[in-house]
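A.B. asks: Quick one: the structure is below, and I'll ask about it shortly.
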Amino acid sequence: MFPFLGQQLRGGRGRRILAVEPAACPTLTQGRFAYDFGDTAHLTPLTKMHTLGSSFTPPGFHAGGLRYHGMGPQVSHALQLGLIEARAYAQTGCFEAAVQFARHEGIVPAPECSHAVKAAIDEALRCKEEGQGQTILFNLSGHGHFDMQAYIDFFDGKLEDREYDAAAAEVALAQLPQLGLRPVTATRGIAACAPRFNPPTG
């Protein structure tokens with residue numbers, strides 16, 4: 001979406017950009033925009049992003065790479081600036097949309113992509129109800145050929161919609177790295193400052 005966003009920022013046509021995520025790990029819609037680690041071992045550099053806290057563990061659900069506590073810095077920044085919107089969906093509705101798409105287009109979406117598929121279908125239905133004609137473009141980034149068990153579980157009625165644990169997320173967010181400033185040098189009477197990192201305890 002960044003090329004379209006770049007055109008818009010340079011005065012081109014305005015577009016509505018929607019980021020879609022799982023309700024069981026709602027990083028953009030429920031997370032905090034802050035510096036955090038990219039891994040649970042706290043070995044990566046700090047990155048400013050929407051996060052549920054690097055110690056947050058989402059419930060088990062079928063969305064592959066979307067089971068992650070943080071969101072990409074560029075996407076997070078775009079949301080923070082109000083350039084894009086965010087929406088969260090439960091997994092069974094996403095699989096229903098993926099099956100509908102597969103039956104019409106002959107492409108089995110990966111579970112991650114099913115969220116975008118559902119959003120596109122919902123937007124098309126909205127346009128139909130409002131009598132609008134709009135062009136809807138969505139990102140289908142992968143196929144589900146290696147995720148057949150997830151589809152089998154869906155057809156067998158074994159998939160459940162899991163809600164994220166808001167209390168666990170609050171605990172994880174309370175452990176976010178604390179950043180501050182400390183004086184380092186003084187040049188011609190002006191104190192220079194550098195970031196100070198206080199690692200989380202416990």
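Residue numbers start at 1 in each chain; chains themselves are named A, B, ... in the order of the structure tokens; ligands are numbered from 1 in the order shown.
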Please provide the set of residues having any atom within 9 Å of Ala19 in chain A, restricted to only C-alpha atoms, with same-chain residues fewer than 2 positions apart removed, written as a PyMOL selection string.

C.D. replies: chain A and resi 17+21+28+75+79+84-88+116

A.B. asks: May I have the residues within 9 Å of His42 in chain A as a CSV table (one decimal) with C-alpha atoms, in the first residue's frame, using only C-alpha atoms and disregarding those fewer than 5 positions away in the same chain?

C.D. replies:
```csv
chain,number,residue,atom,x,y,z
A,36,ASP,CA,9.5,-2.6,22.3
A,37,PHE,CA,11.6,-5.7,21.6
A,54,SER,CA,6.9,-8.6,23.9
```

A.B. asks: CA of Thr29 in chain A to CA of Ala97 in chain A: how many Å, to one decimal?

C.D. replies: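 CA of Thr29 in chain A sits 21.0 Å away from CA of Ala97 in chain A.
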
A.B. asks: Please run DSSP on the backbone and report, as a list of chain:residue names, all residues within range 32-192 of chain A that come out as strand (DSSP E).

C.D. replies: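 The residues of range 32-192 of chain A classed as strand (DSSP E) are A:Arg32, A:Phe33, A:Ala34, A:Tyr35, A:Asp36, A:Thr47, A:Lys48, A:Met49, A:His50, A:Thr51, A:Glu85, A:Ala86, A:Arg87, A:Ala88, A:Tyr89, A:Gln178, A:Leu179, A:Gly180, A:Leu181, A:Arg182, A:Pro183, A:Val184, A:Thr185, A:Ala186, A:Thr187, A:Ile190, A:Ala191, A:Ala192.
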
A.B. asks: What would the file look like if the residues just selected were written as a PDB file, in the first residue's frame with N, CA and C atoms?

C.D. replies:
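Result file follows (out26.pdb):
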```
ATOM      1  N   ARG A  32      -0.297  -0.632  21.966  1.00  0.00           N
ATOM      2  CA  ARG A  32       0.231   0.693  22.282  1.00  0.00           C
ATOM      3  C   ARG A  32       1.380   1.013  21.330  1.00  0.00           C
ATOM      4  N   PHE A  33       1.472   2.266  20.894  1.00  0.00           N
ATOM      5  CA  PHE A  33       2.548   2.717  20.023  1.00  0.00           C
ATOM      6  C   PHE A  33       3.728   3.088  20.904  1.00  0.00           C
ATOM      7  N   ALA A  34       4.725   2.209  20.962  1.00  0.00           N
ATOM      8  CA  ALA A  34       5.822   2.408  21.898  1.00  0.00           C
ATOM      9  C   ALA A  34       7.047   1.632  21.422  1.00  0.00           C
ATOM     10  N   TYR A  35       8.191   1.910  22.040  1.00  0.00           N
ATOM     11  CA  TYR A  35       9.388   1.126  21.768  1.00  0.00           C
ATOM     12  C   TYR A  35       9.276  -0.220  22.470  1.00  0.00           C
ATOM     13  N   ASP A  36       9.610  -1.288  21.750  1.00  0.00           N
ATOM     14  CA  ASP A  36       9.531  -2.627  22.328  1.00  0.00           C
ATOM     15  C   ASP A  36      10.529  -3.541  21.612  1.00  0.00           C
ATOM     16  N   THR A  47      12.335  -1.279  18.762  1.00  0.00           N
ATOM     17  CA  THR A  47      11.653  -0.750  17.589  1.00  0.00           C
ATOM     18  C   THR A  47      10.362  -0.076  18.036  1.00  0.00           C
ATOM     19  N   LYS A  48      10.084   1.102  17.490  1.00  0.00           N
ATOM     20  CA  LYS A  48       8.826   1.766  17.827  1.00  0.00           C
ATOM     21  C   LYS A  48       7.728   1.223  16.929  1.00  0.00           C
ATOM     22  N   MET A  49       6.715   0.665  17.547  1.00  0.00           N
ATOM     23  CA  MET A  49       5.653  -0.021  16.808  1.00  0.00           C
ATOM     24  C   MET A  49       4.434  -0.146  17.694  1.00  0.00           C
ATOM     25  N   HIS A  50       3.324  -0.509  17.103  1.00  0.00           N
ATOM     26  CA  HIS A  50       2.168  -0.888  17.903  1.00  0.00           C
ATOM     27  C   HIS A  50       2.450  -2.282  18.466  1.00  0.00           C
ATOM     28  N   THR A  51       2.276  -2.430  19.756  1.00  0.00           N
ATOM     29  CA  THR A  51       2.639  -3.687  20.400  1.00  0.00           C
ATOM     30  C   THR A  51       1.672  -4.017  21.526  1.00  0.00           C
ATOM     31  N   GLU A  85      -6.435   3.069   8.365  1.00  0.00           N
ATOM     32  CA  GLU A  85      -7.359   2.601   9.398  1.00  0.00           C
ATOM     33  C   GLU A  85      -6.982   1.168   9.773  1.00  0.00           C
ATOM     34  N   ALA A  86      -7.540   0.694  10.872  1.00  0.00           N
ATOM     35  CA  ALA A  86      -7.284  -0.680  11.301  1.00  0.00           C
ATOM     36  C   ALA A  86      -8.589  -1.330  11.740  1.00  0.00           C
ATOM     37  N   ARG A  87      -8.672  -2.645  11.485  1.00  0.00           N
ATOM     38  CA  ARG A  87      -9.867  -3.418  11.824  1.00  0.00           C
ATOM     39  C   ARG A  87      -9.422  -4.825  12.244  1.00  0.00           C
ATOM     40  N   ALA A  88     -10.156  -5.429  13.186  1.00  0.00           N
ATOM     41  CA  ALA A  88      -9.823  -6.778  13.659  1.00  0.00           C
ATOM     42  C   ALA A  88     -11.007  -7.713  13.414  1.00  0.00           C
ATOM     43  N   TYR A  89     -10.698  -8.953  12.987  1.00  0.00           N
ATOM     44  CA  TYR A  89     -11.712  -9.964  12.710  1.00  0.00           C
ATOM     45  C   TYR A  89     -11.411 -11.255  13.465  1.00  0.00           C
ATOM     46  N   GLN A 178      11.656   1.063  29.456  1.00  0.00           N
ATOM     47  CA  GLN A 178      11.541   2.453  29.871  1.00  0.00           C
ATOM     48  C   GLN A 178      12.686   3.248  29.268  1.00  0.00           C
ATOM     49  N   LEU A 179      12.346   4.274  28.503  1.00  0.00           N
ATOM     50  CA  LEU A 179      13.352   5.105  27.851  1.00  0.00           C
ATOM     51  C   LEU A 179      13.385   6.477  28.497  1.00  0.00           C
ATOM     52  N   GLY A 180      14.576   7.023  28.626  1.00  0.00           N
ATOM     53  CA  GLY A 180      14.704   8.366  29.164  1.00  0.00           C
ATOM     54  C   GLY A 180      15.895   9.056  28.538  1.00  0.00           C
ATOM     55  N   LEU A 181      16.270  10.199  29.076  1.00  0.00           N
ATOM     56  CA  LEU A 181      17.433  10.937  28.583  1.00  0.00           C
ATOM     57  C   LEU A 181      18.402  11.145  29.738  1.00  0.00           C
ATOM     58  N   ARG A 182      19.694  11.088  29.423  1.00  0.00           N
ATOM     59  CA  ARG A 182      20.702  11.351  30.434  1.00  0.00           C
ATOM     60  C   ARG A 182      21.777  12.251  29.824  1.00  0.00           C
ATOM     61  N   PRO A 183      22.310  13.160  30.577  1.00  0.00           N
ATOM     62  CA  PRO A 183      23.395  14.011  30.060  1.00  0.00           C
ATOM     63  C   PRO A 183      24.630  13.181  29.750  1.00  0.00           C
ATOM     64  N   VAL A 184      25.279  13.488  28.635  1.00  0.00           N
ATOM     65  CA  VAL A 184      26.485  12.758  28.242  1.00  0.00           C
ATOM     66  C   VAL A 184      27.692  13.692  28.230  1.00  0.00           C
ATOM     67  N   THR A 185      27.608  14.786  27.485  1.00  0.00           N
ATOM     68  CA  THR A 185      28.722  15.731  27.405  1.00  0.00           C
ATOM     69  C   THR A 185      28.174  17.147  27.472  1.00  0.00           C
ATOM     70  N   ALA A 186      29.025  18.061  27.741  1.00  0.00           N
ATOM     71  CA  ALA A 186      28.654  19.473  27.721  1.00  0.00           C
ATOM     72  C   ALA A 186      29.613  20.198  26.798  1.00  0.00           C
ATOM     73  N   THR A 187      29.077  20.859  25.770  1.00  0.00           N
ATOM     74  CA  THR A 187      29.901  21.575  24.801  1.00  0.00           C
ATOM     75  C   THR A 187      29.440  23.026  24.757  1.00  0.00           C
ATOM     76  N   ILE A 190      26.255  23.813  26.508  1.00  0.00           N
ATOM     77  CA  ILE A 190      25.025  23.139  26.111  1.00  0.00           C
ATOM     78  C   ILE A 190      25.169  21.657  26.423  1.00  0.00           C
ATOM     79  N   ALA A 191      24.276  21.124  27.223  1.00  0.00           N
ATOM     80  CA  ALA A 191      24.345  19.711  27.604  1.00  0.00           C
ATOM     81  C   ALA A 191      23.762  18.853  26.490  1.00  0.00           C
ATOM     82  N   ALA A 192      24.552  17.879  26.039  1.00  0.00           N
ATOM     83  CA  ALA A 192      24.059  16.932  25.052  1.00  0.00           C
ATOM     84  C   ALA A 192      23.449  15.745  25.776  1.00  0.00           C
TER      85      ALA A 192
END
```

A.B. asks: Sorted by chain and rising residue number, list the residues of range 31-119 of chain A at most 12 Å from range 133-145 of chain A (counting only C-alpha atoms), each with its closest atom pair and distance in Å to one decimal, as JSON lines.

C.D. replies:
```
{"residue": "A:His62", "atom": "CA", "partner": "A:Gly144", "partner_atom": "CA", "distance": 11.3}
{"residue": "A:Ala63", "atom": "CA", "partner": "A:Gly144", "partner_atom": "CA", "distance": 10.8}
{"residue": "A:Gly64", "atom": "CA", "partner": "A:Gly144", "partner_atom": "CA", "distance": 10.6}
{"residue": "A:Gly65", "atom": "CA", "partner": "A:Gly142", "partner_atom": "CA", "distance": 11.5}
{"residue": "A:Phe95", "atom": "CA", "partner": "A:Gly144", "partner_atom": "CA", "distance": 11.1}
{"residue": "A:Ala98", "atom": "CA", "partner": "A:Gly144", "partner_atom": "CA", "distance": 9.6}
{"residue": "A:Val99", "atom": "CA", "partner": "A:Gly144", "partner_atom": "CA", "distance": 10.8}
{"residue": "A:Phe101", "atom": "CA", "partner": "A:Leu140", "partner_atom": "CA", "distance": 11.1}
{"residue": "A:Ala102", "atom": "CA", "partner": "A:Gly144", "partner_atom": "CA", "distance": 10.1}
{"residue": "A:Gly106", "atom": "CA", "partner": "A:His143", "partner_atom": "CA", "distance": 10.7}
{"residue": "A:Ile107", "atom": "CA", "partner": "A:His143", "partner_atom": "CA", "distance": 7.0}
{"residue": "A:Val108", "atom": "CA", "partner": "A:Gly144", "partner_atom": "CA", "distance": 5.3}
{"residue": "A:Pro109", "atom": "CA", "partner": "A:His143", "partner_atom": "CA", "distance": 4.5}
{"residue": "A:Ala110", "atom": "CA", "partner": "A:Gly144", "partner_atom": "CA", "distance": 3.8}
{"residue": "A:Pro111", "atom": "CA", "partner": "A:Gly144", "partner_atom": "CA", "distance": 6.7}
{"residue": "A:Glu112", "atom": "CA", "partner": "A:Gly142", "partner_atom": "CA", "distance": 8.2}
{"residue": "A:Cys113", "atom": "CA", "partner": "A:Leu140", "partner_atom": "CA", "distance": 5.7}
{"residue": "A:Ser114", "atom": "CA", "partner": "A:Leu140", "partner_atom": "CA", "distance": 8.3}
{"residue": "A:His115", "atom": "CA", "partner": "A:Leu140", "partner_atom": "CA", "distance": 9.8}
{"residue": "A:Ala116", "atom": "CA", "partner": "A:Phe138", "partner_atom": "CA", "distance": 6.3}
{"residue": "A:Val117", "atom": "CA", "partner": "A:Phe138", "partner_atom": "CA", "distance": 7.1}
{"residue": "A:Lys118", "atom": "CA", "partner": "A:Phe138", "partner_atom": "CA", "distance": 9.9}
{"residue": "A:Ala119", "atom": "CA", "partner": "A:Phe138", "partner_atom": "CA", "distance": 8.5}
```

A.B. asks: Where does DSSP see alpha helix (DSSP H) in chain A, if you list the residues as a short mmCIF file (atom, residue, chain, number, x, y, z; two decimals) with N, CA and C atoms, in the first residue's frame?

C.D. replies:
```cif
data_model
loop_
_atom_site.label_atom_id
_atom_site.label_comp_id
_atom_site.auth_asym_id
_atom_site.auth_seq_id
_atom_site.Cartn_x
_atom_site.Cartn_y
_atom_site.Cartn_z
N PHE A 2 2.15 1.12 0.27
CA PHE A 2 2.98 2.32 0.39
C PHE A 2 3.09 3.14 -0.90
N PRO A 3 3.19 2.53 -2.09
CA PRO A 3 3.21 3.36 -3.30
C PRO A 3 1.94 4.21 -3.43
N PHE A 4 0.78 3.62 -3.10
CA PHE A 4 -0.46 4.39 -3.17
C PHE A 4 -0.48 5.50 -2.12
N LEU A 5 0.03 5.18 -0.93
CA LEU A 5 0.08 6.19 0.12
C LEU A 5 1.04 7.31 -0.26
N GLY A 6 2.17 6.96 -0.89
CA GLY A 6 3.12 7.98 -1.32
C GLY A 6 2.51 8.92 -2.34
N GLN A 7 1.75 8.37 -3.29
CA GLN A 7 1.08 9.22 -4.28
C GLN A 7 0.09 10.16 -3.59
N GLN A 8 -0.61 9.63 -2.62
CA GLN A 8 -1.58 10.45 -1.90
C GLN A 8 -0.90 11.59 -1.15
N LEU A 9 0.22 11.29 -0.51
CA LEU A 9 0.94 12.32 0.25
C LEU A 9 1.55 13.38 -0.66
N THR A 27 -2.97 -6.22 17.53
CA THR A 27 -1.84 -5.32 17.79
C THR A 27 -2.16 -3.86 17.44
N LEU A 28 -2.76 -3.63 16.28
CA LEU A 28 -3.04 -2.26 15.84
C LEU A 28 -4.24 -1.66 16.55
N THR A 29 -5.28 -2.46 16.73
CA THR A 29 -6.52 -1.92 17.28
C THR A 29 -6.53 -1.84 18.81
N GLN A 30 -5.68 -2.63 19.47
CA GLN A 30 -5.67 -2.63 20.94
C GLN A 30 -4.28 -2.39 21.52
N PRO A 73 7.02 -1.31 11.93
CA PRO A 73 7.15 0.11 12.29
C PRO A 73 6.50 1.06 11.28
N GLN A 74 6.64 0.77 9.98
CA GLN A 74 6.08 1.69 8.98
C GLN A 74 4.55 1.67 9.01
N VAL A 75 3.98 0.48 9.14
CA VAL A 75 2.52 0.39 9.24
C VAL A 75 2.04 1.07 10.52
N SER A 76 2.76 0.83 11.61
CA SER A 76 2.39 1.45 12.89
C SER A 76 2.45 2.97 12.80
N HIS A 77 3.49 3.49 12.17
CA HIS A 77 3.64 4.94 12.04
C HIS A 77 2.52 5.54 11.18
N ALA A 78 2.18 4.84 10.10
CA ALA A 78 1.10 5.32 9.23
C ALA A 78 -0.22 5.37 9.98
N LEU A 79 -0.47 4.38 10.82
CA LEU A 79 -1.71 4.39 11.61
C LEU A 79 -1.67 5.51 12.64
N GLN A 80 -0.53 5.70 13.28
CA GLN A 80 -0.40 6.74 14.29
C GLN A 80 -0.63 8.12 13.69
N GLN A 91 -11.47 -15.46 13.63
CA GLN A 91 -10.95 -16.34 12.58
C GLN A 91 -12.02 -17.10 11.80
N THR A 92 -13.15 -17.47 12.41
CA THR A 92 -14.11 -18.28 11.65
C THR A 92 -14.72 -17.48 10.50
N GLY A 93 -15.00 -16.20 10.74
CA GLY A 93 -15.51 -15.36 9.66
C GLY A 93 -14.50 -15.19 8.54
N CYS A 94 -13.22 -15.16 8.90
CA CYS A 94 -12.16 -15.04 7.89
C CYS A 94 -12.08 -16.31 7.05
N PHE A 95 -12.21 -17.48 7.69
CA PHE A 95 -12.17 -18.73 6.94
C PHE A 95 -13.39 -18.86 6.03
N GLU A 96 -14.54 -18.39 6.49
CA GLU A 96 -15.74 -18.40 5.63
C GLU A 96 -15.49 -17.57 4.38
N ALA A 97 -14.88 -16.41 4.55
CA ALA A 97 -14.56 -15.54 3.41
C ALA A 97 -13.53 -16.19 2.50
N ALA A 98 -12.54 -16.87 3.09
CA ALA A 98 -11.51 -17.53 2.30
C ALA A 98 -12.10 -18.65 1.45
N VAL A 99 -13.03 -19.42 2.02
CA VAL A 99 -13.67 -20.51 1.27
C VAL A 99 -14.51 -19.93 0.14
N GLN A 100 -15.24 -18.87 0.41
CA GLN A 100 -16.04 -18.21 -0.63
C GLN A 100 -15.15 -17.73 -1.76
N PHE A 101 -14.01 -17.13 -1.41
CA PHE A 101 -13.07 -16.65 -2.42
C PHE A 101 -12.50 -17.81 -3.23
N ALA A 102 -12.13 -18.90 -2.55
CA ALA A 102 -11.55 -20.05 -3.23
C ALA A 102 -12.54 -20.67 -4.22
N ARG A 103 -13.79 -20.73 -3.84
CA ARG A 103 -14.79 -21.34 -4.71
C ARG A 103 -15.08 -20.48 -5.94
N HIS A 104 -14.87 -19.19 -5.82
CA HIS A 104 -15.12 -18.30 -6.96
C HIS A 104 -13.88 -18.05 -7.81
N GLU A 105 -12.71 -18.03 -7.18
CA GLU A 105 -11.49 -17.64 -7.89
C GLU A 105 -10.52 -18.79 -8.11
N PRO A 111 -4.21 -18.58 5.65
CA PRO A 111 -5.02 -18.03 6.75
C PRO A 111 -4.71 -16.57 7.04
N GLU A 112 -3.43 -16.15 6.92
CA GLU A 112 -3.10 -14.74 7.15
C GLU A 112 -3.87 -13.84 6.18
N CYS A 113 -3.92 -14.28 4.91
CA CYS A 113 -4.55 -13.45 3.87
C CYS A 113 -6.07 -13.42 4.00
N SER A 114 -6.63 -14.42 4.69
CA SER A 114 -8.10 -14.49 4.77
C SER A 114 -8.68 -13.27 5.46
N HIS A 115 -7.90 -12.60 6.29
CA HIS A 115 -8.40 -11.39 6.95
C HIS A 115 -8.62 -10.27 5.93
N ALA A 116 -7.69 -10.13 5.00
CA ALA A 116 -7.84 -9.12 3.94
C ALA A 116 -8.98 -9.50 3.01
N VAL A 117 -9.14 -10.80 2.74
CA VAL A 117 -10.24 -11.26 1.88
C VAL A 117 -11.58 -10.90 2.52
N LYS A 118 -11.72 -11.15 3.81
CA LYS A 118 -12.99 -10.82 4.48
C LYS A 118 -13.26 -9.32 4.44
N ALA A 119 -12.22 -8.52 4.67
CA ALA A 119 -12.41 -7.07 4.64
C ALA A 119 -12.85 -6.61 3.25
N ALA A 120 -12.26 -7.20 2.19
CA ALA A 120 -12.64 -6.82 0.83
C ALA A 120 -14.09 -7.19 0.55
N ILE A 121 -14.50 -8.37 0.99
CA ILE A 121 -15.90 -8.79 0.79
C ILE A 121 -16.84 -7.87 1.56
N ASP A 122 -16.49 -7.56 2.81
CA ASP A 122 -17.33 -6.66 3.61
C ASP A 122 -17.45 -5.29 2.97
N GLU A 123 -16.35 -4.78 2.44
CA GLU A 123 -16.39 -3.47 1.79
C GLU A 123 -17.23 -3.51 0.52
N ALA A 124 -17.16 -4.62 -0.22
CA ALA A 124 -17.98 -4.76 -1.43
C ALA A 124 -19.45 -4.80 -1.07
N LEU A 125 -19.79 -5.51 0.00
CA LEU A 125 -21.19 -5.56 0.45
C LEU A 125 -21.67 -4.19 0.93
N ARG A 126 -20.78 -3.45 1.58
CA ARG A 126 -21.14 -2.09 2.00
C ARG A 126 -21.44 -1.21 0.79
N CYS A 127 -20.58 -1.29 -0.21
CA CYS A 127 -20.81 -0.50 -1.43
C CYS A 127 -22.14 -0.88 -2.08
N LYS A 128 -22.44 -2.17 -2.08
CA LYS A 128 -23.70 -2.62 -2.66
C LYS A 128 -24.89 -2.05 -1.91
N GLU A 129 -24.82 -2.06 -0.59
CA GLU A 129 -25.91 -1.53 0.22
C GLU A 129 -26.07 -0.03 0.03
N GLU A 130 -24.95 0.68 -0.11
CA GLU A 130 -24.99 2.14 -0.26
C GLU A 130 -25.15 2.58 -1.70
N MET A 148 -3.69 -26.78 4.79
CA MET A 148 -4.90 -27.56 4.56
C MET A 148 -5.52 -28.07 5.85
N GLN A 149 -4.67 -28.37 6.86
CA GLN A 149 -5.22 -28.86 8.12
C GLN A 149 -6.12 -27.81 8.77
N ALA A 150 -5.74 -26.54 8.62
CA ALA A 150 -6.57 -25.47 9.18
C ALA A 150 -7.94 -25.45 8.50
N TYR A 151 -7.95 -25.66 7.17
CA TYR A 151 -9.24 -25.70 6.46
C TYR A 151 -10.02 -26.95 6.83
N ILE A 152 -9.34 -28.07 7.01
CA ILE A 152 -10.02 -29.30 7.45
C ILE A 152 -10.66 -29.07 8.81
N ASP A 153 -9.92 -28.43 9.72
CA ASP A 153 -10.47 -28.14 11.04
C ASP A 153 -11.67 -27.21 10.94
N PHE A 154 -11.60 -26.26 10.01
CA PHE A 154 -12.72 -25.34 9.82
C PHE A 154 -13.98 -26.09 9.36
N PHE A 155 -13.82 -26.95 8.36
CA PHE A 155 -14.97 -27.70 7.86
C PHE A 155 -15.50 -28.70 8.90
N ALA A 166 -7.06 -9.42 27.54
CA ALA A 166 -6.73 -8.02 27.75
C ALA A 166 -5.91 -7.82 29.03
N ALA A 167 -6.20 -8.62 30.06
CA ALA A 167 -5.45 -8.49 31.31
C ALA A 167 -4.00 -8.90 31.11
N ALA A 168 -3.77 -9.98 30.36
CA ALA A 168 -2.40 -10.42 30.08
C ALA A 168 -1.67 -9.38 29.24
N ALA A 169 -2.37 -8.75 28.32
CA ALA A 169 -1.74 -7.71 27.51
C ALA A 169 -1.35 -6.51 28.37
N GLU A 170 -2.19 -6.16 29.35
CA GLU A 170 -1.86 -5.04 30.23
C GLU A 170 -0.60 -5.34 31.05
N VAL A 171 -0.48 -6.59 31.50
CA VAL A 171 0.71 -6.98 32.24
C VAL A 171 1.94 -6.86 31.35
N ALA A 172 1.82 -7.33 30.10
CA ALA A 172 2.94 -7.25 29.17
C ALA A 172 3.28 -5.80 28.84
N LEU A 173 2.28 -4.96 28.68
CA LEU A 173 2.53 -3.56 28.36
C LEU A 173 3.18 -2.83 29.53
N ALA A 174 2.89 -3.27 30.74
CA ALA A 174 3.51 -2.66 31.91
C ALA A 174 5.01 -2.95 31.97
#
```

A.B. asks: When you draw a straight line from CA of Tyr68 in chain A to CA of Phe56 in chain A, how long is it in Å?

C.D. replies: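 CA of Tyr68 in chain A sits 8.7 Å away from CA of Phe56 in chain A.
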
A.B. asks: Could you tell me how far CA of Ala41 in chain A sits from CA of Phe61 in chain A, in Å to one decimal place?

C.D. replies: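 Computing it gives 22.3 Å between the two atoms.
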